[in-house]
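Heads up, start-v1.txt below (compact mmCIF, C-alpha atoms):
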# COMPACT_ATOMS: atom_id res chain seq x y z
CA MET A 30 17.45 -25.92 38.49
CA HIS A 31 13.91 -26.18 37.21
CA ARG A 32 11.50 -23.79 38.89
CA GLU A 33 7.82 -24.54 39.41
CA TYR A 34 5.76 -21.54 38.43
CA PRO A 35 2.19 -20.93 39.52
CA ILE A 36 0.39 -20.42 36.24
CA ASN A 37 -0.10 -16.66 36.51
CA GLU A 38 3.44 -16.08 37.59
CA PHE A 39 4.68 -18.24 34.77
CA PHE A 40 2.56 -16.34 32.29
CA TYR A 41 3.72 -12.90 33.33
CA GLU A 42 7.33 -13.67 34.10
CA VAL A 43 8.13 -15.95 31.24
CA VAL A 44 5.61 -15.63 28.48
CA MET A 45 4.92 -11.92 28.69
CA GLN A 46 8.52 -10.91 29.21
CA SER A 47 9.58 -12.85 26.17
CA MET A 48 6.75 -11.47 24.09
CA LEU A 49 6.48 -7.85 25.07
CA LYS A 50 9.41 -6.35 23.27
CA PRO A 51 7.62 -3.93 20.98
CA PHE A 52 9.98 -3.07 18.21
CA ALA A 53 9.19 0.65 18.06
CA LEU A 54 10.11 1.14 21.71
CA ARG A 55 13.71 0.23 20.93
CA PHE A 56 13.99 3.68 19.44
CA ALA A 57 12.25 5.70 22.16
CA MET A 58 14.42 8.56 23.28
CA PRO A 59 13.45 10.02 26.65
CA SER A 60 13.28 13.73 27.10
CA PRO A 61 15.82 15.22 29.49
CA PRO A 62 15.03 14.70 33.18
CA LEU A 63 13.01 17.53 34.65
CA ASP A 64 16.01 18.82 36.59
CA ASP A 65 17.84 19.18 33.33
CA PHE A 66 14.89 20.49 31.44
CA GLY A 67 15.47 24.06 32.52
CA LYS A 68 19.04 23.87 31.34
CA TRP A 69 17.99 22.20 28.14
CA THR A 70 15.30 24.73 27.39
CA ARG A 71 17.57 27.57 28.44
CA ASN A 72 20.12 26.37 25.92
CA TYR A 73 17.48 26.16 23.28
CA PHE A 74 15.38 29.15 24.05
CA ILE A 75 18.27 31.45 24.80
CA LYS A 76 18.64 31.70 21.06
CA GLY A 77 15.82 34.20 21.17
CA THR A 78 13.03 31.95 20.12
CA THR A 79 10.60 32.52 22.94
CA ARG A 80 9.50 34.85 25.65
CA MET A 81 10.22 32.26 28.30
CA THR A 82 11.88 33.97 31.23
CA GLY A 83 14.27 32.85 33.94
CA ALA A 84 11.30 32.78 36.29
CA ASP A 85 9.51 30.39 33.93
CA LEU A 86 12.48 28.09 33.95
CA ALA A 87 12.58 28.16 37.72
CA ARG A 88 8.93 27.18 37.77
CA ILE A 89 9.61 24.27 35.41
CA ALA A 90 12.24 23.01 37.83
CA ALA A 91 9.83 23.48 40.74
CA GLY A 92 7.12 21.55 38.97
CA GLY A 93 4.92 24.63 38.54
CA ILE A 94 4.75 24.18 34.81
CA ARG A 95 3.20 21.09 33.38
CA ILE A 96 5.08 19.92 30.35
CA HIS A 97 2.83 18.25 27.82
CA SER A 98 5.23 17.44 25.11
CA PHE A 99 8.31 18.75 23.58
CA ALA A 100 8.99 18.31 19.97
CA PHE A 101 12.45 19.00 18.78
CA THR A 102 11.49 22.42 17.63
CA GLU A 103 8.64 23.46 19.81
CA PHE A 104 7.71 23.19 23.41
CA GLN A 105 4.17 22.64 24.64
CA TYR A 106 3.37 23.39 28.21
CA THR A 107 0.87 24.97 30.52
CA GLN A 108 1.88 27.30 33.27
CA PHE A 109 -0.28 27.42 36.34
CA GLY A 110 -1.05 30.76 37.86
CA PRO A 111 -0.85 34.16 36.19
CA VAL A 112 0.37 33.90 32.65
CA PRO A 113 1.74 36.55 30.36
CA ASP A 114 -0.60 36.69 27.43
CA LEU A 115 -0.85 38.89 24.40
CA GLY A 116 -4.57 39.11 25.12
CA ASP A 117 -6.77 39.59 22.14
CA SER A 118 -7.24 42.37 19.68
CA ASP A 119 -9.92 44.04 21.77
CA MET B 18 -17.74 42.67 12.54
CA THR B 19 -15.65 39.54 12.13
CA ARG B 20 -12.62 38.04 13.76
CA ILE B 21 -10.26 35.10 13.61
CA LEU B 22 -10.43 32.49 16.34
CA ILE B 23 -7.13 30.86 17.24
CA VAL B 24 -7.41 27.59 19.13
CA THR B 25 -4.04 27.12 20.77
CA ASP B 26 -2.49 27.93 24.16
CA SER B 27 -1.21 31.16 25.60
CA HIS B 28 2.45 30.35 25.26
CA ASN B 29 2.63 28.96 21.78
CA GLU B 30 5.42 31.00 20.31
CA THR B 31 4.64 30.12 16.72
CA ALA B 32 1.00 31.11 17.16
CA ASN B 33 2.22 34.37 18.65
CA THR B 34 4.15 35.19 15.47
CA VAL B 35 0.91 34.87 13.51
CA VAL B 36 -0.87 36.96 16.14
CA SER B 37 1.76 39.65 15.68
CA ALA B 38 1.21 39.55 11.93
CA LEU B 39 -2.57 39.81 12.39
CA CYS B 40 -2.10 42.77 14.71
CA GLY B 41 0.11 44.41 12.09
CA MET B 42 -2.64 43.90 9.53
CA GLY B 43 -5.26 45.38 11.86
CA VAL B 44 -7.23 42.13 11.88
CA ARG B 45 -9.41 41.29 14.89
CA TRP B 46 -8.75 37.95 16.55
CA ALA B 47 -9.37 36.00 19.73
CA ARG B 48 -7.66 33.08 21.37
CA PHE B 49 -9.30 29.96 22.77
CA ASN B 50 -6.84 28.28 25.07
CA ARG B 51 -7.91 24.66 25.19
CA ALA B 52 -5.87 23.93 28.30
CA GLU B 53 -8.14 26.40 30.11
CA PHE B 54 -11.19 24.35 29.17
CA PRO B 55 -13.29 23.40 31.05
CA GLU B 56 -12.09 25.06 34.25
CA ARG B 57 -11.50 28.66 33.14
CA SER B 58 -13.23 29.06 29.80
CA LEU B 59 -16.70 28.36 28.48
CA ALA B 60 -18.10 27.10 25.19
CA VAL B 61 -21.80 27.70 24.60
CA PHE B 62 -23.58 26.77 21.43
CA ASP B 63 -26.97 25.74 20.18
CA PRO B 64 -26.07 23.35 17.36
CA CYS B 65 -29.10 24.46 15.35
CA ARG B 66 -28.76 28.21 15.91
CA PRO B 67 -25.24 29.41 15.22
CA GLU B 68 -26.09 33.01 16.02
CA ARG B 69 -26.62 32.12 19.67
CA GLY B 70 -23.24 30.55 20.32
CA PHE B 71 -20.39 32.20 22.15
CA LEU B 72 -17.13 31.54 23.90
CA VAL B 73 -15.94 33.01 27.16
CA ASP B 74 -12.17 32.97 27.28
CA GLU B 75 -10.04 32.79 30.42
CA ASP B 76 -10.09 36.59 30.70
CA GLY B 77 -13.88 36.55 30.83
CA ASP B 78 -14.25 38.07 27.36
CA ARG B 79 -17.30 36.93 25.44
CA ILE B 80 -16.70 36.01 21.81
CA PRO B 81 -19.87 35.55 19.73
CA LEU B 82 -19.39 32.64 17.34
CA GLY B 83 -21.23 34.54 14.65
CA GLU B 84 -18.22 36.86 14.47
CA VAL B 85 -15.77 34.05 13.76
CA LYS B 86 -14.95 34.03 10.06
CA THR B 87 -11.87 31.81 10.34
CA THR B 88 -10.83 29.19 12.89
CA TRP B 89 -7.16 28.28 13.14
CA ILE B 90 -6.28 25.23 15.22
CA TRP B 91 -2.65 25.19 16.23
CA HIS B 92 -1.28 22.58 18.64
CA PRO B 93 -3.70 23.13 21.52
CA ASN B 94 -2.66 21.64 24.85
CA PRO B 95 -4.62 18.93 26.67
CA PHE B 96 -7.53 19.72 28.95
CA ILE B 97 -6.71 20.28 32.58
CA PHE B 98 -8.97 19.35 35.47
CA GLU B 99 -9.04 20.37 39.05
CA PRO B 100 -6.91 18.07 41.22
CA GLY B 101 -8.53 15.44 43.42
CA LEU B 102 -10.33 13.42 40.77
CA SER B 103 -9.71 9.71 40.45
CA PRO B 104 -8.05 8.45 37.24
CA GLY B 105 -11.38 6.99 36.11
CA GLN B 106 -13.20 10.25 36.74
CA THR B 107 -10.49 12.17 34.93
CA ARG B 108 -10.77 9.85 31.92
CA PHE B 109 -14.53 10.25 31.88
CA LEU B 110 -14.38 14.04 32.09
CA GLY B 111 -11.63 14.06 29.49
CA SER B 112 -13.94 12.16 27.20
CA ALA B 113 -16.76 14.64 27.86
CA CYS B 114 -14.44 17.52 27.06
CA ARG B 115 -13.13 15.87 23.90
CA TYR B 116 -16.63 15.23 22.61
CA THR B 117 -17.70 18.77 23.43
CA TYR B 118 -14.59 20.20 21.83
CA ARG B 119 -15.05 18.12 18.68
CA SER B 120 -18.70 19.04 18.41
CA PHE B 121 -17.81 22.68 18.95
CA LEU B 122 -15.16 22.61 16.24
CA ALA B 123 -17.42 20.70 13.85
CA PHE B 124 -19.96 23.45 14.41
CA LEU B 125 -17.35 26.11 13.69
CA GLU B 126 -16.25 24.24 10.59
CA GLU B 127 -19.71 24.74 9.15
CA THR B 128 -19.82 28.42 9.99
CA SER B 129 -16.22 29.52 9.41
CA PHE B 130 -13.18 28.79 7.26
CA MET B 131 -11.12 26.26 9.20
CA VAL B 132 -7.38 25.75 8.97
CA ASN B 133 -7.26 22.82 8.54
CA SER B 134 -10.57 21.06 8.12
CA LEU B 135 -10.90 18.54 10.97
CA ALA B 136 -12.06 15.71 8.76
CA MET B 137 -9.41 16.40 6.13
CA GLU B 138 -6.64 16.61 8.71
CA ASP B 139 -7.69 13.32 10.29
CA ARG B 140 -7.62 11.72 6.88
CA ALA B 141 -4.37 13.39 5.88
CA ASN B 142 -2.57 12.07 8.95
CA ASP B 143 -2.55 8.65 7.28
CA LYS B 144 1.03 8.27 6.07
CA GLY B 145 0.02 5.42 3.80
CA LEU B 146 -2.53 7.60 2.05
CA GLN B 147 0.05 10.36 1.70
CA LEU B 148 2.49 8.06 -0.04
CA ARG B 149 -0.18 6.60 -2.30
CA ILE B 150 -1.34 10.00 -3.53
CA ALA B 151 2.22 11.30 -3.85
CA ARG B 152 3.20 8.35 -6.00
CA ARG B 153 0.11 8.72 -8.17
CA LEU B 154 1.02 12.37 -8.70
CA GLY B 155 4.43 11.32 -9.99
CA LEU B 156 6.56 12.05 -6.91
CA THR B 157 9.29 9.56 -6.16
CA VAL B 158 8.66 7.82 -2.84
CA PRO B 159 10.77 5.30 -0.87
CA GLU B 160 10.01 1.60 -1.03
CA THR B 161 7.69 1.18 1.95
CA LEU B 162 6.19 -1.56 4.08
CA ILE B 163 3.70 -0.95 6.87
CA THR B 164 3.30 -4.07 8.97
CA ASN B 165 3.27 -5.90 12.25
CA SER B 166 4.45 -9.11 10.59
CA PRO B 167 8.00 -10.00 11.67
CA GLU B 168 8.36 -12.32 8.68
CA GLN B 169 7.36 -9.66 6.17
CA ALA B 170 9.52 -7.07 7.91
CA LYS B 171 12.50 -9.41 7.73
CA ALA B 172 11.87 -10.11 4.06
CA PHE B 173 11.61 -6.39 3.35
CA CYS B 174 14.82 -5.59 5.23
CA ALA B 175 16.65 -8.34 3.35
CA ARG B 176 15.90 -6.57 0.07
CA PHE B 177 17.84 -3.43 0.93
CA GLN B 178 21.27 -2.57 2.14
CA GLU B 179 19.91 -0.08 4.65
CA VAL B 180 16.41 0.30 6.08
CA VAL B 181 14.88 2.92 8.34
CA PHE B 182 12.00 2.48 10.72
CA LYS B 183 9.51 5.12 11.81
CA VAL B 184 6.21 5.04 13.60
CA ILE B 185 2.93 5.54 11.80
CA ASN B 186 1.34 7.43 14.70
CA PRO B 187 2.38 10.61 16.55
CA PRO B 188 5.87 9.89 17.85
CA HIS B 189 5.55 11.19 21.41
CA PHE B 190 4.32 9.34 24.45
CA ARG B 191 4.21 9.91 28.17
CA ASP B 192 4.87 7.44 30.92
CA GLY B 193 4.13 9.20 34.17
CA ALA B 194 6.34 12.24 34.21
CA GLN B 195 8.62 10.85 31.52
CA LEU B 196 8.18 12.05 27.96
CA SER B 197 9.66 10.08 25.11
CA CYS B 198 9.88 10.46 21.37
CA ILE B 199 10.54 7.97 18.58
CA GLY B 200 12.27 9.45 15.57
CA THR B 201 13.21 7.89 12.27
CA SER B 202 15.91 5.31 12.98
CA LEU B 203 18.38 3.45 10.80
CA LEU B 204 18.18 -0.25 11.61
CA THR B 205 21.34 -1.78 13.00
CA ARG B 206 22.27 -5.44 13.06
CA ASP B 207 20.89 -5.63 16.63
CA ASP B 208 17.63 -4.10 15.49
CA LEU B 209 17.32 -6.57 12.66
CA ALA B 210 17.78 -9.38 15.17
CA ALA B 211 14.90 -7.98 17.20
CA LEU B 212 12.35 -7.82 14.41
CA ASP B 213 10.12 -10.35 16.17
CA GLY B 214 9.02 -7.40 18.28
CA VAL B 215 7.28 -5.94 15.23
CA ARG B 216 4.42 -8.27 16.14
CA HIS B 217 3.63 -5.94 19.06
CA SER B 218 4.21 -2.59 17.39
CA PRO B 219 3.31 -2.01 13.77
CA GLY B 220 5.29 0.65 12.02
CA ILE B 221 6.77 1.83 8.75
CA PHE B 222 9.84 0.32 7.12
CA GLN B 223 11.48 2.14 4.23
CA ASN B 224 14.64 1.76 2.25
CA ARG B 225 17.10 4.42 3.35
CA VAL B 226 17.18 7.26 0.86
CA PRO B 227 20.65 8.73 0.35
CA LYS B 228 20.57 12.46 0.94
CA ARG B 229 22.27 15.52 -0.39
CA PHE B 230 20.04 17.40 2.04
CA ASP B 231 16.59 17.31 3.62
CA LEU B 232 13.92 19.58 2.27
CA ARG B 233 11.10 21.09 4.28
CA VAL B 234 8.30 22.41 2.11
CA THR B 235 5.78 24.52 3.99
CA ILE B 236 2.55 25.17 2.12
CA VAL B 237 0.22 28.02 3.00
CA GLY B 238 -2.75 28.22 0.64
CA ASP B 239 -1.11 28.35 -2.79
CA GLN B 240 2.21 29.62 -1.49
CA VAL B 241 5.16 27.26 -1.21
CA PHE B 242 8.15 27.82 1.10
CA PRO B 243 10.88 25.25 0.38
CA VAL B 244 13.93 25.18 2.63
CA ALA B 245 17.00 22.97 2.39
CA ILE B 246 18.14 21.58 5.73
CA HIS B 247 21.76 20.56 5.45
CA SER B 248 21.44 17.53 7.65
CA GLN B 249 24.37 15.67 6.14
CA GLU B 250 26.81 18.16 7.64
CA GLU B 251 26.06 16.81 11.13
CA PRO B 252 26.33 13.07 11.91
CA SER B 253 23.53 13.09 14.49
CA ALA B 254 21.15 14.53 11.88
CA GLU B 255 21.94 12.31 8.92
CA VAL B 256 18.97 9.97 9.34
CA ASP B 257 16.52 12.29 11.13
CA PHE B 258 17.43 15.97 11.02
CA ARG B 259 15.38 16.66 14.13
CA GLN B 260 17.87 14.73 16.23
CA ALA B 261 20.34 17.62 15.97
CA TRP B 262 18.20 19.72 18.29
CA ARG B 263 18.56 17.17 21.03
CA TYR B 264 22.21 18.05 21.12
CA GLY B 265 21.68 21.78 20.74
CA ILE B 266 23.13 21.75 17.23
CA GLN B 267 21.83 24.27 14.74
CA LEU B 268 21.77 22.93 11.21
CA ARG B 269 22.36 25.15 8.22
CA HIS B 270 19.10 26.15 6.53
CA GLU B 271 18.81 27.67 3.11
CA VAL B 272 15.89 28.82 1.00
CA HIS B 273 15.63 26.40 -1.90
CA GLU B 274 14.15 26.84 -5.34
CA LEU B 275 11.95 23.89 -6.24
CA PRO B 276 11.70 22.67 -9.81
CA ARG B 277 8.35 23.77 -11.19
CA ARG B 278 7.20 20.16 -11.55
CA VAL B 279 7.92 19.28 -7.91
CA ARG B 280 6.34 22.51 -6.72
CA SER B 281 3.15 21.68 -8.63
CA GLN B 282 3.17 18.13 -7.30
CA CYS B 283 3.47 19.36 -3.71
CA LEU B 284 0.61 21.82 -4.19
CA GLU B 285 -1.53 19.16 -5.79
CA LEU B 286 -0.74 16.71 -3.01
CA ALA B 287 -1.82 19.27 -0.39
CA ARG B 288 -4.98 19.91 -2.38
CA GLU B 289 -5.80 16.21 -2.66
CA LEU B 290 -5.20 15.79 1.06
CA GLY B 291 -7.60 18.67 1.65
CA LEU B 292 -5.02 20.76 3.50
CA VAL B 293 -4.67 24.52 3.16
CA TYR B 294 -1.69 24.46 5.51
CA CYS B 295 0.88 21.70 5.85
CA ALA B 296 4.60 20.98 6.01
CA MET B 297 6.08 18.30 3.77
CA ASP B 298 9.33 16.45 4.27
CA LEU B 299 11.28 15.55 1.16
CA VAL B 300 14.84 14.55 0.46
CA VAL B 301 17.08 15.63 -2.38
CA ARG B 302 19.29 12.69 -3.30
CA PRO B 303 22.92 13.12 -4.35
CA ASP B 304 21.80 12.55 -7.96
CA GLY B 305 19.37 15.48 -7.66
CA GLU B 306 16.18 13.42 -7.54
CA TYR B 307 13.46 14.70 -5.20
CA VAL B 308 11.99 12.01 -2.93
CA TYR B 309 8.82 12.60 -0.95
CA LEU B 310 8.74 11.27 2.62
CA GLU B 311 5.65 12.55 4.41
CA THR B 312 3.31 15.41 5.16
CA ASN B 313 2.69 16.95 8.55
CA PRO B 314 -0.76 18.59 8.49
CA SER B 315 0.19 20.74 11.48
CA GLY B 316 3.93 20.79 10.89
CA GLN B 317 5.83 23.46 12.77
CA PHE B 318 7.17 26.41 10.84
CA GLY B 319 8.49 28.79 13.49
CA TRP B 320 12.03 27.43 13.33
CA ILE B 321 12.03 27.61 9.54
CA GLU B 322 11.01 31.26 9.62
CA ARG B 323 13.61 32.07 12.26
CA ALA B 324 16.34 30.29 10.33
CA THR B 325 15.57 31.76 6.92
CA GLY B 326 13.46 34.86 7.36
CA LEU B 327 10.78 33.45 5.05
CA PRO B 328 7.50 35.28 5.80
CA ILE B 329 5.46 32.18 6.62
CA ALA B 330 3.61 33.69 9.59
CA ARG B 331 2.60 36.66 7.46
CA ALA B 332 1.40 34.36 4.68
CA LEU B 333 -0.60 32.34 7.18
CA ALA B 334 -2.08 35.50 8.71
CA ALA B 335 -3.13 36.61 5.23
CA LEU B 336 -4.70 33.21 4.54
CA LEU B 337 -6.65 33.38 7.80
CA ASP B 338 -7.80 36.88 6.98
CA GLU B 339 -8.86 35.99 3.44
CA GLY B 340 -11.02 33.28 4.91
CA HIS B 341 -10.63 30.77 2.12
CA GLY B 342 -7.95 28.45 0.76

Could you show the structure in this file as structure tokens?
Amino acid sequence: MHREYPINEFFYEVVMQSMLKPFALRFAMPSPPLDDFGKWTRNYFIKGTTRMTGADLARIAAGGIRIHSFAFTEFQYTQFGPVPDLGDSD
Amino acid sequence: MTRILIVTDSHNETANTVVSALCGMGVRWARFNRAEFPERSLAVFDPCRPERGFLVDEDGDRIPLGEVKTTWIWHPNPFIFEPGLSPGQTRFLGSACRYTYRSFLAFLEETSFMVNSLAMEDRANDKGLQLRIARRLGLTVPETLITNSPEQAKAFCARFQEVVFKVINPPHFRDGAQLSCIGTSLLTRDDLAALDGVRHSPGIFQNRVPKRFDLRVTIVGDQVFPVAIHSQEEPSAEVDFRQAWRYGIQLRHEVHELPRRVRSQCLELARELGLVYCAMDLVVRPDGEYVYLETNPSGQFGWIERATGLPIARALAALLDEGHG
């Protein structure tokens, strides 16, 4: 049955939905959910590639570490609170 | 007294390997953690009087800018603000920080050796430019179309048996807490039927290059570190070798000897792009031909070093210490 759309509703529901199918987004692969992120990083980092500790992973799960991005090979994040740091040469 | 300034974050493991190498060489260095700016670190500079500038890092240490002989920028994290700001306020302060940061780095670029030059790296991130220079230098490159025209994309795809799509911009994006990544993808019949969506998202179409293996060529100054990545041994990695990591699969890596001609072409390409450090992706076809795909001006190298033992961090530390490309 034909439906009468108010103009805005028509625009967003019909026109926009049919238009907004950006091609690139077909290939977007989400990162693992945060709950799984610890497991995922543990699997990856357990291969001896980082100083990340079990406590760090627990903080990821608790939301205490803000994840900025993860590439396939590297992991960018900021940990709030005291951080282990190599310091500087002085 | 001079030192090397590393603009990164505290946990960057790859940066830490270079730090270890610098320590082994007895070279003085300091770290500027961008994620600590503006809340926990300070940047102070008089743009007309370099000798007066200094940084205060998150530990409270003061680093005179006059001591910085080399600046190495390596995947710094975003700025972080105190909670409680509105989204508009956060955007505004983010803009203030970005402008300050850029001005600060532009200042350092005039007074120190920078890896890589900001302007050159911005320019070199253009994948179209990369392909154009590579082709001019005699490297084989894939047939390529960059477009948001569905009609042209369809015509291009019709010319080849298999076509891959990749984005022209950085492939990661965030939607709330969700992070996503768009890798290189082989177009399926369903994808080809959805090409009208190209109108909303320009990208790069290329004919699929058959592979014997992928080749990662890391360039540090005039040193070249080529490594074969045996992506064709793992189905998930055939099109984009990085996909293997999603499944926790370790691909076989092997140090590769480049033909002298290709080695020279890669070095010349880096030079023309104005990069003293970069990582190039190439493919070696089953017939032995080398095909250039793209250059990553800040391409990661930690995993290559771990997989092969190539001394890339040491080479980079030496480059930073030498203070020139």

At a cut-off of 8 Å, using all atoms listed in the file, what residues contact B:Val181? Leave out same-chain residues fewer than 2 positions from it and give the result as a PDB file with C-alpha atoms, in the coordinates of the input.
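Result written to result04.pdb:
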ATOM      1  CA  GLU B 179      19.910  -0.080   4.650  1.00  0.00           C
ATOM      2  CA  LYS B 183       9.510   5.120  11.810  1.00  0.00           C
ATOM      3  CA  THR B 201      13.210   7.890  12.270  1.00  0.00           C
ATOM      4  CA  SER B 202      15.910   5.310  12.980  1.00  0.00           C
ATOM      5  CA  LEU B 203      18.380   3.450  10.800  1.00  0.00           C
ATOM      6  CA  LEU B 204      18.180  -0.250  11.610  1.00  0.00           C
ATOM      7  CA  PHE B 222       9.840   0.320   7.120  1.00  0.00           C
ATOM      8  CA  GLN B 223      11.480   2.140   4.230  1.00  0.00           C
ATOM      9  CA  ASN B 224      14.640   1.760   2.250  1.00  0.00           C
ATOM     10  CA  ARG B 225      17.100   4.420   3.350  1.00  0.00           C
TER      11      ARG B 225
END

| request: Name the closest residue to B:Glu126 among the candidates B:Lys86, B:Arg280, B:Arg45, B:Lys144; distances are taken between atoms, counting all atoms listed in the file. | output: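 Of B:Lys86, B:Arg280, B:Arg45, B:Lys144, the one nearest B:Glu126 is B:Lys86, counting all atoms listed in the file.
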
| task | Find the residues near B:Val301: any atom within 9 Å, counting all atoms listed in the file, skip ones fewer than 2 places away on the same chain, and give them as a PyMOL selection string. | result | chain B and resi 226-232+245+299+303-309

Residues from the last selection, C-alpha atoms, saved as a CSV table (one decimal), in the coordinates of the input:
chain,number,residue,atom,x,y,z
B,226,VAL,CA,17.2,7.3,0.9
B,227,PRO,CA,20.6,8.7,0.4
B,228,LYS,CA,20.6,12.5,0.9
B,229,ARG,CA,22.3,15.5,-0.4
B,230,PHE,CA,20.0,17.4,2.0
B,231,ASP,CA,16.6,17.3,3.6
B,232,LEU,CA,13.9,19.6,2.3
B,245,ALA,CA,17.0,23.0,2.4
B,299,LEU,CA,11.3,15.6,1.2
B,303,PRO,CA,22.9,13.1,-4.4
B,304,ASP,CA,21.8,12.6,-8.0
B,305,GLY,CA,19.4,15.5,-7.7
B,306,GLU,CA,16.2,13.4,-7.5
B,307,TYR,CA,13.5,14.7,-5.2
B,308,VAL,CA,12.0,12.0,-2.9
B,309,TYR,CA,8.8,12.6,-1.0

| field | Residue among B:Val132, B:Ile236, B:Leu110, B:Ala261 lying closest to chain A, counting all atoms listed in the file | value | B:Ala261

| message | List the spatial neighbours of B:Ala123 as a count of residues only - criterion: any atom at most 12 Å away, all atoms listed in the file, same-chain residues fewer than 2 positions off excluded. | response | 23

| said: Please determine, counting only C-alpha atoms, which residue among B:Trp262, B:Phe124, B:Tyr294, B:Phe173 has the shortest atom-to-atom distance to chain A. | reply: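 The closest residue to chain A is B:Trp262.
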
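Minimum atom-to-atom distance to B:Met42, evaluated using all atoms listed in the file, belongs to B:Arg331 out of B:His341, B:Arg108, B:Arg153, B:Arg331.
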
| query | Nearest to chain A among B:Val241, B:Val184, B:Val61, B:Met18, with distances taken over all atoms listed in the file: which residue is it? | reply | B:Val184

| said: Using Å and a single decimal, report how far atom CA of B:Thr157 sits from atom CA of B:Val180. | reply: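 We find that atom CA of B:Val180 and atom CA of B:Thr157 lie 16.9 Å from each other.
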
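Every protein or nucleic acid residue with an atom no more than 12 Å from B:Ala335, counting only C-alpha atoms and leaving out same-chain residues fewer than 4 positions away, appears here: Ile21, Val35, Val36, Ser37, Ala38, Leu39, Cys40, Gly41, Met42, Gly43, Val44, Thr87, Val237, Gly238, Asp239, Gln240, Pro328, Ile329, Ala330, Arg331, Glu339, Gly340, His341 and Gly342 of chain B.
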
| query | Within 12 Å of B:Gly326, counting only C-alpha atoms, which residues qualify if same-chain residues fewer than 3 places away don't, as a PyMOL selection string? | reply | chain B and resi 242+244+270-272+318-323+329-331

File dump, residues just selected, C-alpha atoms, as a CSV table (one decimal), in the frame of the given file:
chain,number,residue,atom,x,y,z
B,242,PHE,CA,8.2,27.8,1.1
B,244,VAL,CA,13.9,25.2,2.6
B,270,HIS,CA,19.1,26.2,6.5
B,271,GLU,CA,18.8,27.7,3.1
B,272,VAL,CA,15.9,28.8,1.0
B,318,PHE,CA,7.2,26.4,10.8
B,319,GLY,CA,8.5,28.8,13.5
B,320,TRP,CA,12.0,27.4,13.3
B,321,ILE,CA,12.0,27.6,9.5
B,322,GLU,CA,11.0,31.3,9.6
B,323,ARG,CA,13.6,32.1,12.3
B,329,ILE,CA,5.5,32.2,6.6
B,330,ALA,CA,3.6,33.7,9.6
B,331,ARG,CA,2.6,36.7,7.5

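Among the candidates B:Gly214, B:Pro100, B:Gly155, B:Gly105, the one nearest to A:Ala53 when counting only C-alpha atoms is B:Gly214.
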